[in-house]
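Here the structure comes first, spelled out in C-alpha cells, and everything after it is commentary.
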Amino acid sequence: MELGNQLLQYLLSGLSTGAIYALIGIGFSIIYNATGIINFAQGEFVMLGGMLTLFLMETLKLPLWAAIPLAVLLATLVGLLFERLAIRPLRKASPISLVIITIGGSILIRGLSMLIWDKDTHALPPFSSEEPIMIAGATVLPQHFWILGITVVLIGLNKWFFSHTISGKAMRACSYNPRAAGLVGIDVRRMVLLSFVISAAMGSLAGIIVAPLTMTSYDVGVMLGLKGFCAAIIGGMSSGIPTVIGGLILGVLESLGAGLISSGYKDAIAFVILLLILFIRPQGLFGKPESERV
Amino acid sequence: MRFRFTTLTTAALLLLTASLSFAAGTIKIGGLFSVTGPPAFLGEPERNTAKMVVDSINKAGGIKGQKLELVVYDTAGDATKAVQMATKLIKDDKVIAIIGPSTTGESMAVIPVAEREKVPLISCAAGSKITDPVKRYVFKTAQNDGLAVAKIYEYLQKHKQNKVAILTVSDGFGASGREQLKSLAGKFGMQVVVDDTYGPKDTDMTSQLTKIRGSQAQVLIVWGTNPGPAVIAKNAKQLGLKLPLYMSHGVSSKKFIALAGDAAEGVKLPSGKVIVSDVLPKNDPQKGSLLAYVKDYQKHFKAEGDHFGGHAWDGVMLVKAAIEKGGATTEGIRAGLEGLKDFHGIGGTFNFSAGDHAGLNKDAFVMVEIKNKDWVIAK
C-alpha cells in the first residue's frame, strides 16, 4: 500500500483517539478553572462510564441506549459526592493538598471498582454495526463516527453553556476571580460543585463511547487520564477549543509516531510533549504569556 | 557452668520438640501468585487451582499420611513484592517448596532467593530463561515460549508460508516471545519481515497494522496477553487485513473470544490442551488429568478451567510426586523432581532431568483455531 493511504489511516486513527483525549482534557480544565486544582480522579470518571454501562447491561439487562444515560447519571453522582465529601469540607486547604486528595480519591475509586466488579477486561458492544467503512484507502469503523460526532456535539454544548447561560458565565467569572465573583453574588461553592458535575458527566461519556473500541477495565482511567491531562496542558488549561486541538494533536502524533517510527515510543511521545510544553510554553500552545493565572 | 548446662539442655529439648512437631505436623508449601495487579488473570486461577488441589489431596489422606498446607501470598505482579514474599515464605513460614510466581519477571527476581536458601521453586511462568541455564533449585511448569513458537513455525512450514510479521507486547512475556520468534526463525526457514511492538495498555494498534499491511508479510504473529491481542484482532478486522492471524498461547482462554467477538474468528494459536480436552483423541496420555481438572474446576468455581490454573495444578501435583519419591525435605523434593519421568499433567507430559528443569517438549501444545466462538483443532 502506498504511503498516502497509510498516512490517511494514521491520521484517522489519531483523530478518533485524540477526540477522546480532548473530552477528558476538557474535564480537567473545567475543574481547574473553577477551583485552581488538577483533579487527578478525572480518569476514574472515564473508567466509571464504561464499567457502569457494562454493569447495567449485564446485571440489570438494560439495553445499551438505556444503560448509557443511566451510567452517565451514576458517574455524575459519584463526581458530585466526591466534591461534597472530599473537596468541599477542605475548601480552606491549599491547592496542593486538594490535588493530593484527588489522587487519593482516584486510588479509592479504582480500588472499589476492582472489588465491586473484577480485574478483567470487558468489551462493550458497538453502538451500531461493526462493518468497516472505506474512506479513500483508509478504513474506519462506524464507532469512530460516533466518537467524533458525540465529541463535536459535547464541545458545542460546552461552548454554548459557557458563553450563553447564566451558570456558565458565572463559572467563568469564578475562574477569573473567585473573590470578586463571590462579591457580586455568585455562589462560588455551587459553581465548584457544578464544575465537578460537568467534568464527571463528560469524562464518563468519553469512557462509554470509546469502550467498544478499546475495551474497559477497572484500571483504564490511569493512562487515559494522563493523556487527557497532556491534552489540557497543550491547550493551556482552556475549557474550549485549544484543549480540543491539544487532544487531536496528541492523538495524531501518537498514531504517526507508532506508524512511522516505532510504537515503543507511543507513550513517550505524549509525555515528551507534556514536558516540552511545561518547560517552554507553560501557558499552553495557544495562550499568551501572562504572569497572572487565568 | 550450671547456667550453660541448662541452656544447652533447653536448646536440645527445643530442637527435639521442634523436629518432633515437624515430623508429626503438616508439610508446608508456599504459593506466590499475582492474584491482583495486571497479571491477575494468571494469578487468580492459579491460586484457586492450587487451593483446590491441596484440599483434594488432604481429603484423600494427604501425602504419606501427612497433611499438606498451602500458604499463599499475593505478589500483585510486582517483582519487589514477590521477592519479599518469597523471603517471608522461607524465613517465617518455613515452607519446603514454593509454587509460583505467575510471571517471568517476578520469577527471575525470586530465583536468587530460592537458590541462596536452597528451597525448590516451581515457577508458573513461561519465560525460557527461568530454567535456561539450569538452576539447581528452579523448575517450571508453564510451557516454554520457544515450544509455542516452534509449534507455530512448524505449522507455517507445513502450509508453505515463510514471510512473517511479528507484533509483540512490550513486557516480559512479549520480549521473551519476540526473542524466540526471531532466534528460531532461521531454523524453520522463516523470514521476519516486520518486527513491531505495542504497549500493554495500548488501545489502538491500527498504526502498526497499517504498516504491516504495506509489507511483504504472509502471516501476522501477535505475541501478548489480553486485552492487547483482542484489540489487534478488532483493528485487523476494521482495516480489512487479509493476513492470517496467529496468536500466542497467552490468549488461549475463552476470555479472548469474548473480548474480540467476531474478530476472533479464524485466529489460530498454539495452546495447552486444557481448552480442547474434550475433543482430544482418546489415546492422549494427558486426557485423564485434563478432564478431571476441568470437571473439578467447574464444580468449585463455576468457571471454565484454563491452562493458567493448570500450571498451579502441575506445580502442586509435581511437589506431591516428588515428596512421595524423595521425602518431605527441600533436598528430597529437589531430587524427586529432577528424577521425575512421564508425569502426565495439565501443561503436558513432564520429563525432568539434571539438564532439563522445564521438562516439556512441543507436543505440550496443539494448534487450535477459533471457529463459531469455540476452539477446534487446526488442520
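Ordered as shown in the C-alpha cells, chains take letters A, B, and onward, while each chain numbers its residues from 1 and ligands are numbered from 1 in the order shown.
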
_Residues within 10 Å of Asn48 in chain B, please, as number ranges by chain. Count only C-alpha atoms; anything in the same chain fewer than 2 positions from it doesn't count._
B: 35, 43-46, 50-53, 297, 300-301, 305, 309, 312-313

So that each row is one residue of chain A with an atom at most 7 Å from chain B, can you give its shortest atom pair and the distance in Å to one decimal, using only C-alpha atoms, rows by chain and rising number, as a Markdown table?
| residue | atom | partner | partner_atom | distance |
| --- | --- | --- | --- | --- |
| A:Met1 | CA | B:Gly214 | CA | 4.7 |
| A:Gln6 | CA | B:Thr210 | CA | 6.2 |
| A:Tyr10 | CA | B:Ser207 | CA | 5.7 |
| A:Ser13 | CA | B:Thr206 | CA | 6.8 |
| A:Lys119 | CA | B:Ala40 | CA | 6.9 |
| A:Thr121 | CA | B:Pro227 | CA | 6.4 |
| A:His122 | CA | B:Leu259 | CA | 6.3 |
| A:Ala123 | CA | B:Leu259 | CA | 5.3 |
| A:Pro132 | CA | B:Gln238 | CA | 5.1 |
| A:Thr139 | CA | B:Leu239 | CA | 5.4 |
| A:Val140 | CA | B:Gln238 | CA | 6.5 |
| A:Leu141 | CA | B:Gln238 | CA | 6.2 |
| A:Thr214 | CA | B:Thr203 | CA | 4.8 |
| A:Ser255 | CA | B:Ser207 | CA | 5.9 |
| A:Ala258 | CA | B:Ser207 | CA | 6.0 |
| A:Gly259 | CA | B:Ser207 | CA | 4.6 |
| A:Ser263 | CA | B:Tyr198 | CA | 5.6 |
| A:Gly264 | CA | B:Thr197 | CA | 6.2 |

*List the neighbours of Leu269 in chain B out to 9 Å using only C-alpha atoms; skip same-chain residues closer than 5 positions along the sequence, and give me the result as a PyMOL selection string.*
chain B and resi 148+151-152+245-249+251-252+366-370+378

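For Val192 in chain B, the non-local neighbours within 9 Å, defined as residues at least 2 positions apart in the same chain or in other chains and counting only C-alpha atoms, are Asn162, Lys163, Val164, Ala165, Ile166, Leu181, Lys182, Ala185, Met190, Val194, Asp195 and Ala217 of chain B.
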
*Report the residues of range 45-221 of chain A whose backbone DSSP state falls under alpha helix (DSSP H), written as a ChimeraX atom specification.*
/A:45-59,64-82,95-116,142-164,166-176,178-183,188-214,221

*Extract, using only C-alpha atoms, all DNA, RNA and protein residues at most 7 Å from range 106-110 of chain A, discarding same-chain residues fewer than 6 positions from it, and format them as an MDAnalysis selection string.*
chainID A and resid 40:41 44 218:219

*Could you jot down the CA of Ser175 in chain A to CA of Ile277 in chain A separation for me, Å, one decimal place?*
22.1 Å

*Calculate how many Å separate CA of Met57 in chain A from CA of Met223 in chain A, rounding to one decimal.*
25.0 Å

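Note that CA of Ala364 in chain B and CA of Thr104 in chain B are 19.1 Å apart.
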
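When only C-alpha atoms are used to compute distances to Leu154 in chain A, the closest of the residues A:Val210, A:Leu278, A:Met202, A:Leu260 turns out to be A:Met202.
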
*For range 81-86 of chain A, work out the shell of residues within 8 Å, counting only C-alpha atoms and skipping chain neighbours fewer than 6 positions away, then give it as JSON, numbers by chain.*
{"A": [101, 105, 193, 196]}
